[in-house]
file run-v7.cif (mmCIF, C-alpha atoms and all ligand atoms)
data_query
loop_
_atom_site.group_PDB
_atom_site.id
_atom_site.type_symbol
_atom_site.label_atom_id
_atom_site.label_comp_id
_atom_site.auth_asym_id
_atom_site.auth_seq_id
_atom_site.Cartn_x
_atom_site.Cartn_y
_atom_site.Cartn_z
ATOM 1 C CA MET A 1 0.000 0.000 0.000
ATOM 2 C CA SER A 2 1.141 3.532 -0.638
ATOM 3 C CA ILE A 3 1.453 6.068 2.171
ATOM 4 C CA GLU A 4 -1.467 7.985 0.656
ATOM 5 C CA GLU A 5 -3.682 4.868 0.715
ATOM 6 C CA ILE A 6 -2.707 4.178 4.334
ATOM 7 C CA ALA A 7 -3.469 7.816 5.244
ATOM 8 C CA ALA A 8 -6.927 7.500 3.665
ATOM 9 C CA GLU A 9 -7.557 4.367 5.733
ATOM 10 C CA ILE A 10 -6.468 6.143 8.915
ATOM 11 C CA LYS A 11 -8.738 9.135 8.267
ATOM 12 C CA ASP A 12 -11.754 6.793 8.110
ATOM 13 C CA CYS A 13 -10.580 4.428 10.848
ATOM 14 C CA LYS A 14 -12.884 3.308 13.663
ATOM 15 C CA ARG A 15 -10.727 0.463 14.973
ATOM 16 C CA CYS A 16 -10.715 1.900 18.507
ATOM 17 C CA SER A 17 -12.982 4.300 20.382
ATOM 18 C CA LEU A 18 -10.709 7.316 19.874
ATOM 19 C CA TRP A 19 -12.442 8.028 16.565
ATOM 20 C CA GLU A 20 -15.487 9.213 18.573
ATOM 21 C CA THR A 21 -13.655 12.154 20.173
ATOM 22 C CA ARG A 22 -11.164 13.140 17.464
ATOM 23 C CA ASN A 23 -11.595 16.141 15.197
ATOM 24 C CA ARG A 24 -9.063 14.821 12.714
ATOM 25 C CA ALA A 25 -6.922 11.734 12.584
ATOM 26 C CA VAL A 26 -3.233 12.540 12.091
ATOM 27 C CA PRO A 27 -1.669 9.934 9.767
ATOM 28 C CA GLY A 28 1.737 11.634 9.560
ATOM 29 C CA ARG A 29 3.618 13.697 7.055
ATOM 30 C CA GLY A 30 6.879 13.825 5.146
ATOM 31 C CA ASP A 31 8.958 12.071 2.514
ATOM 32 C CA VAL A 32 7.426 8.732 1.507
ATOM 33 C CA HIS A 33 10.974 7.481 0.743
ATOM 34 C CA ALA A 34 12.545 8.925 3.885
ATOM 35 C CA GLU A 35 15.658 7.314 5.353
ATOM 36 C CA ILE A 36 14.583 8.553 8.789
ATOM 37 C CA MET A 37 11.145 7.985 10.255
ATOM 38 C CA MET A 38 10.278 9.703 13.542
ATOM 39 C CA ILE A 39 7.584 8.190 15.727
ATOM 40 C CA GLY A 40 6.063 10.064 18.650
ATOM 41 C CA GLU A 41 3.199 9.310 21.023
ATOM 42 C CA ALA A 42 -0.135 10.735 19.869
ATOM 43 C CA PRO A 43 -1.672 13.936 18.498
ATOM 44 C CA GLY A 44 -2.270 16.767 20.965
ATOM 45 C CA LYS A 45 -4.881 19.524 20.791
ATOM 46 C CA LYS A 46 -3.289 21.484 17.953
ATOM 47 C CA GLU A 47 -2.464 18.390 15.915
ATOM 48 C CA ASP A 48 -6.061 17.177 16.321
ATOM 49 C CA GLU A 49 -7.341 20.539 15.041
ATOM 50 C CA LEU A 50 -5.022 20.671 12.035
ATOM 51 C CA GLY A 51 -4.564 16.984 11.203
ATOM 52 C CA MET A 52 -0.791 17.515 11.156
ATOM 53 C CA PRO A 53 1.873 15.967 13.395
ATOM 54 C CA PHE A 54 3.950 18.036 15.834
ATOM 55 C CA THR A 55 2.318 21.416 15.255
ATOM 56 C CA GLY A 56 1.980 22.515 18.912
ATOM 57 C CA ALA A 57 4.609 23.463 21.502
ATOM 58 C CA ALA A 58 6.400 20.106 21.188
ATOM 59 C CA GLY A 59 6.516 20.689 17.423
ATOM 60 C CA ARG A 60 8.416 23.938 17.980
ATOM 61 C CA ILE A 61 11.022 22.065 20.046
ATOM 62 C CA LEU A 62 11.204 19.363 17.363
ATOM 63 C CA ASP A 63 11.785 22.012 14.670
ATOM 64 C CA GLU A 64 14.591 23.555 16.756
ATOM 65 C CA MET A 65 16.243 20.173 17.160
ATOM 66 C CA LEU A 66 15.905 19.340 13.460
ATOM 67 C CA ALA A 67 17.417 22.707 12.505
ATOM 68 C CA GLN A 68 20.387 22.124 14.864
ATOM 69 C CA ALA A 69 20.933 18.730 13.229
ATOM 70 C CA ASP A 70 20.620 20.256 9.755
ATOM 71 C CA LEU A 71 17.615 18.052 8.996
ATOM 72 C CA LYS A 72 14.473 19.214 7.237
ATOM 73 C CA ARG A 73 10.956 18.036 7.975
ATOM 74 C CA ASP A 74 10.321 17.236 4.323
ATOM 75 C CA GLU A 75 13.329 14.864 4.232
ATOM 76 C CA ILE A 76 11.969 12.688 7.016
ATOM 77 C CA PHE A 77 8.592 11.121 7.783
ATOM 78 C CA ILE A 78 6.975 12.052 11.100
ATOM 79 C CA THR A 79 4.112 10.165 12.702
ATOM 80 C CA SER A 80 3.032 8.730 16.045
ATOM 81 C CA VAL A 81 2.037 5.348 17.460
ATOM 82 C CA ILE A 82 -1.545 6.611 17.951
ATOM 83 C CA LYS A 83 -3.172 8.593 15.150
ATOM 84 C CA CYS A 84 -6.147 10.107 17.036
ATOM 85 C CA ARG A 85 -5.927 12.366 20.086
ATOM 86 C CA PRO A 86 -6.668 10.657 23.413
ATOM 87 C CA PRO A 87 -9.104 12.849 25.415
ATOM 88 C CA LYS A 88 -7.271 15.412 27.586
ATOM 89 C CA ASN A 89 -3.985 14.008 26.250
ATOM 90 C CA ARG A 90 -4.175 10.989 28.555
ATOM 91 C CA ASN A 91 -1.792 8.112 27.881
ATOM 92 C CA PRO A 92 -2.957 5.719 25.154
ATOM 93 C CA LYS A 93 -4.535 2.489 26.403
ATOM 94 C CA ALA A 94 -3.125 -0.924 25.518
ATOM 95 C CA GLU A 95 -6.073 -1.774 23.259
ATOM 96 C CA GLU A 96 -5.688 1.546 21.392
ATOM 97 C CA LEU A 97 -1.971 0.911 20.832
ATOM 98 C CA LEU A 98 -2.764 -2.549 19.557
ATOM 99 C CA ALA A 99 -5.494 -1.323 17.199
ATOM 100 C CA CYS A 100 -3.452 1.566 15.825
ATOM 101 C CA GLY A 101 -0.268 -0.472 15.549
ATOM 102 C CA THR A 102 -1.654 -1.995 12.351
ATOM 103 C CA HIS A 103 -1.466 1.404 10.632
ATOM 104 C CA LEU A 104 2.057 2.039 11.880
ATOM 105 C CA LYS A 105 3.279 -1.359 10.653
ATOM 106 C CA LYS A 106 1.896 -0.598 7.192
ATOM 107 C CA GLN A 107 3.575 2.814 7.185
ATOM 108 C CA VAL A 108 6.956 1.324 8.145
ATOM 109 C CA SER A 109 6.587 -1.390 5.456
ATOM 110 C CA SER A 110 5.750 1.225 2.853
ATOM 111 C CA ILE A 111 8.532 3.708 3.714
ATOM 112 C CA LYS A 112 11.236 1.160 4.660
ATOM 113 C CA PRO A 113 13.318 3.683 6.608
ATOM 114 C CA LYS A 114 16.981 3.047 7.356
ATOM 115 C CA ILE A 115 16.322 4.083 10.920
ATOM 116 C CA ILE A 116 13.336 4.816 13.135
ATOM 117 C CA CYS A 117 13.888 7.604 15.627
ATOM 118 C CA ILE A 118 11.690 6.830 18.623
ATOM 119 C CA LEU A 119 10.454 9.956 20.382
ATOM 120 C CA GLY A 120 9.785 9.193 24.034
ATOM 121 C CA ASN A 121 8.694 6.399 26.320
ATOM 122 C CA VAL A 122 5.282 5.508 24.868
ATOM 123 C CA ALA A 123 6.709 4.746 21.405
ATOM 124 C CA LEU A 124 9.721 3.011 22.983
ATOM 125 C CA HIS A 125 7.519 0.716 25.041
ATOM 126 C CA MET A 126 5.369 -0.163 22.079
ATOM 127 C CA LEU A 127 8.156 -0.658 19.558
ATOM 128 C CA ILE A 128 10.983 -2.114 21.652
ATOM 129 C CA GLU A 129 10.086 -3.288 25.142
ATOM 130 C CA PRO A 130 7.482 -2.386 27.771
ATOM 131 C CA ASN A 131 8.860 -0.620 30.869
ATOM 132 C CA LEU A 132 12.273 0.122 29.315
ATOM 133 C CA PRO A 133 13.240 3.610 30.576
ATOM 134 C CA ILE A 134 14.117 5.939 27.692
ATOM 135 C CA GLY A 135 16.986 7.397 29.746
ATOM 136 C CA SER A 136 18.764 4.030 29.687
ATOM 137 C CA VAL A 137 18.762 3.616 25.881
ATOM 138 C CA ARG A 138 18.549 7.132 24.429
ATOM 139 C CA GLY A 139 21.190 8.069 21.870
ATOM 140 C CA ARG A 140 21.960 4.423 21.063
ATOM 141 C CA ILE A 141 21.094 2.349 18.007
ATOM 142 C CA LEU A 142 18.942 -0.661 18.868
ATOM 143 C CA LYS A 143 18.190 -3.474 16.426
ATOM 144 C CA LYS A 144 15.002 -5.485 16.433
ATOM 145 C CA GLU A 145 13.750 -7.757 13.678
ATOM 146 C CA HIS A 146 16.154 -6.279 11.070
ATOM 147 C CA GLN A 147 15.039 -2.705 11.825
ATOM 148 C CA ARG A 148 17.327 -0.123 13.399
ATOM 149 C CA TYR A 149 15.871 2.186 16.041
ATOM 150 C CA TYR A 150 17.288 5.303 17.695
ATOM 151 C CA PRO A 151 15.411 6.329 20.855
ATOM 152 C CA VAL A 152 15.576 9.926 22.107
ATOM 153 C CA TYR A 153 13.585 11.916 24.648
ATOM 154 C CA HIS A 154 10.216 13.191 23.446
ATOM 155 C CA PRO A 155 10.481 16.903 22.497
ATOM 156 C CA ALA A 156 7.612 17.638 24.934
ATOM 157 C CA ALA A 157 9.824 16.399 27.797
ATOM 158 C CA VAL A 158 11.997 19.482 27.262
ATOM 159 C CA LEU A 159 8.981 21.695 28.003
ATOM 160 C CA TYR A 160 8.822 20.202 31.504
ATOM 161 C CA ASN A 161 12.525 19.723 32.116
ATOM 162 C CA ARG A 162 14.873 22.192 30.419
ATOM 163 C CA ASN A 163 17.871 20.118 31.556
ATOM 164 C CA LEU A 164 16.964 17.606 28.842
ATOM 165 C CA GLU A 165 17.335 20.164 26.055
ATOM 166 C CA GLU A 166 21.098 19.735 25.645
ATOM 167 C CA VAL A 167 20.825 15.933 25.721
ATOM 168 C CA LEU A 168 18.118 15.969 23.063
ATOM 169 C CA ARG A 169 20.083 18.409 20.926
ATOM 170 C CA LYS A 170 23.194 16.177 21.018
ATOM 171 C CA ASP A 171 21.140 13.081 20.154
ATOM 172 C CA PHE A 172 19.590 14.864 17.177
ATOM 173 C CA GLU A 173 22.935 16.220 16.014
ATOM 174 C CA ALA A 174 24.380 12.689 15.981
ATOM 175 C CA LEU A 175 21.571 11.320 13.837
ATOM 176 C CA PRO A 176 22.617 12.343 10.258
ATOM 177 C CA LYS A 177 26.084 10.811 10.683
ATOM 178 C CA LEU A 178 24.588 7.606 12.074
ATOM 179 C CA VAL A 179 22.229 7.323 9.121
ATOM 180 C CA ASN A 180 24.991 7.983 6.606
ATOM 181 C CA GLY A 181 27.012 5.177 8.181
ATOM 182 C CA ILE A 182 24.229 2.610 7.578
ATOM 183 C CA ARG A 183 24.692 0.666 4.353
HETATM 184 S S1 LIG A 201 -6.391 5.862 17.158
HETATM 185 FE FE1 LIG A 201 -5.777 4.591 15.426
HETATM 186 S S2 LIG A 201 -6.971 2.715 15.635
HETATM 187 FE FE2 LIG A 201 -7.948 4.257 16.915
HETATM 188 S S3 LIG A 201 -9.537 5.168 15.593
HETATM 189 FE FE3 LIG A 201 -7.675 6.432 15.411
HETATM 190 S S4 LIG A 201 -6.608 5.629 13.608
HETATM 191 FE FE4 LIG A 201 -8.097 4.085 14.262
#

call {"tool": "encode", "arguments": {"input": "run-v7.cif", "output": "structure tokens", "more": "lines below"}}
Ligand code: SF4
result
Amino acid sequence: MSIEEIAAEIKDCKRCSLWETRNRAVPGRGDVHAEIMMIGEAPGKKEDELGMPFTGAAGRILDEMLAQADLKRDEIFITSVIKCRPPKNRNPKAEELLACGTHLKKQVSSIKPKIICILGNVALHMLIEPNLPIGSVRGRILKKEHQRYYPVYHPAAVLYNRNLEEVLRKDFEALPKLVNGIR
């Protein structure tokens, strides 16, 4: 399936109850042949209004980090593990992650990125291992089922803890070189 076909499926999706409270599903955006895919948690208020990923305060941090790393949004593909906003930004439930994971798997199969940059704990727990603290694996390449992953703190974490800003910046800055080194 193409990314456009998957996006159309997501916009009509009713696989979990989050469709009842969403304004817009947020399939993701970017280069359909991207070497880097970034996967966050779920849409927030602004993303739900606009149908676009990372458009709120966390999006501004993400843009800063991308600029520091000399990466452009249109060279990567950005999405999240959950495509519809959980009410009041609560954490996604296990059954929602399971239901929405089908879309994410299709997106990864379609894009075939060299590396998946995991943004934060929720995506890390879904994609790598439940209960693994992001602080223990951030900035390292992990391999699972022939796919390379690169976990970093979620940009929103910087909004609550400014001490993480420098760590996140360094992890982003290391990313282009890591990707270039992958054959
Ligand atoms: S969160 Fe995912 S599975 Fe649930 S309705 Fe939205 S697109 Fe479908």

call {"tool": "atom_distance", "arguments": {"input": "run-v7.cif", "atom1": "atom CA of Lys177 of chain A", "atom2": "atom CA of Ile118 of chain A"}}
result
16.9 Å

call {"tool": "resolve_selection", "arguments": {"input": "run-v7.cif", "expression": "the PyMOL selection byres (((not hetatm)) within 7 of (chain A and resi 201))", "output": "ChimeraX atom specification"}}
result
/A:10-11,13-19,25,82-84,96,99-100

call {"tool": "closest_residue", "arguments": {"input": "run-v7.cif", "among": "A:Val26, A:Ala67, A:Ile61, A:Leu124", "to": "Glu47 of chain A", "atoms": "all atoms listed in the file"}}
result
A:Val26

call {"tool": "closest_residue", "arguments": {"input": "run-v7.cif", "among": "A:Leu178, A:Ala8, A:Val32, A:Ile76", "to": "Arg148 of chain A", "atoms": "all atoms listed in the file"}}
result
A:Leu178

call {"tool": "closest_residue", "arguments": {"input": "run-v7.cif", "among": "A:Ala34, A:Met65, A:Ile115, A:Lys106", "to": "Val167 of chain A", "atoms": "all atoms listed in the file"}}
result
A:Met65

call {"tool": "atom_distance", "arguments": {"input": "run-v7.cif", "atom1": "atom CA of Phe172 of chain A", "atom2": "atom CA of Ile39 of chain A"}}
result
13.8 Å

call {"tool": "atom_distance", "arguments": {"input": "run-v7.cif", "atom1": "atom CA of Gly139 of chain A", "atom2": "atom CA of Asn161 of chain A"}}
result
17.8 Å

call {"tool": "residues_around", "arguments": {"input": "run-v7.cif", "residues": "Tyr160 of chain A", "least_positions_apart": "5", "cutoff": "12 Å", "atoms": "all atoms listed in the file", "output": "list in words"}}
result
Ala57, Ala58, Ile61, Tyr153, His154, Pro155 and Glu165 of chain A

call {"tool": "build_atoms", "arguments": {"input": "run-v7.cif", "residues": "segment 27-50 of chain A", "atoms": "N, CA and C atoms", "output": "compact mmCIF listing (two decimals), keeping the file's coordinate frame"}}
result
# COMPACT_ATOMS: atom_id res chain seq x y z
N PRO A 27 -2.42 11.08 10.29
CA PRO A 27 -1.67 9.93 9.77
C PRO A 27 -0.15 10.13 9.81
N GLY A 28 0.30 11.37 9.63
CA GLY A 28 1.74 11.63 9.56
C GLY A 28 2.03 12.41 8.30
N ARG A 29 3.29 12.82 8.17
CA ARG A 29 3.62 13.70 7.06
C ARG A 29 5.12 13.61 6.75
N GLY A 30 5.46 13.76 5.50
CA GLY A 30 6.88 13.82 5.15
C GLY A 30 7.18 13.06 3.88
N ASP A 31 8.47 12.75 3.71
CA ASP A 31 8.96 12.07 2.51
C ASP A 31 8.56 10.59 2.56
N VAL A 32 7.87 10.13 1.53
CA VAL A 32 7.43 8.73 1.51
C VAL A 32 8.59 7.76 1.24
N HIS A 33 9.78 8.32 0.91
CA HIS A 33 10.97 7.48 0.74
C HIS A 33 12.04 7.87 1.77
N ALA A 34 11.60 8.39 2.90
CA ALA A 34 12.54 8.93 3.88
C ALA A 34 13.47 7.85 4.44
N GLU A 35 14.73 8.24 4.68
CA GLU A 35 15.66 7.31 5.35
C GLU A 35 15.39 7.31 6.85
N ILE A 36 14.86 8.43 7.35
CA ILE A 36 14.58 8.55 8.79
C ILE A 36 13.09 8.71 9.00
N MET A 37 12.54 7.85 9.85
CA MET A 37 11.14 7.98 10.26
C MET A 37 11.17 8.36 11.74
N MET A 38 10.36 9.33 12.13
CA MET A 38 10.28 9.70 13.54
C MET A 38 8.90 9.34 14.06
N ILE A 39 8.86 8.67 15.20
CA ILE A 39 7.58 8.19 15.73
C ILE A 39 7.40 8.69 17.15
N GLY A 40 6.38 9.52 17.33
CA GLY A 40 6.06 10.06 18.65
C GLY A 40 4.92 9.30 19.30
N GLU A 41 4.22 9.99 20.22
CA GLU A 41 3.20 9.31 21.02
C GLU A 41 1.80 9.38 20.39
N ALA A 42 1.24 10.58 20.34
CA ALA A 42 -0.14 10.74 19.87
C ALA A 42 -0.38 12.21 19.57
N PRO A 43 -1.38 12.52 18.76
CA PRO A 43 -1.67 13.94 18.50
C PRO A 43 -2.12 14.65 19.77
N GLY A 44 -1.75 15.91 19.89
CA GLY A 44 -2.27 16.77 20.96
C GLY A 44 -3.40 17.63 20.42
N LYS A 45 -3.73 18.68 21.16
CA LYS A 45 -4.88 19.52 20.79
C LYS A 45 -4.71 20.17 19.40
N LYS A 46 -3.54 20.77 19.21
CA LYS A 46 -3.29 21.48 17.95
C LYS A 46 -3.24 20.51 16.78
N GLU A 47 -2.59 19.39 16.99
CA GLU A 47 -2.46 18.39 15.92
C GLU A 47 -3.85 17.86 15.53
N ASP A 48 -4.70 17.67 16.54
CA ASP A 48 -6.06 17.18 16.32
C ASP A 48 -6.88 18.21 15.53
N GLU A 49 -6.62 19.49 15.78
CA GLU A 49 -7.34 20.54 15.04
C GLU A 49 -6.90 20.60 13.58
N LEU A 50 -5.58 20.45 13.38
CA LEU A 50 -5.02 20.67 12.04
C LEU A 50 -4.82 19.39 11.23
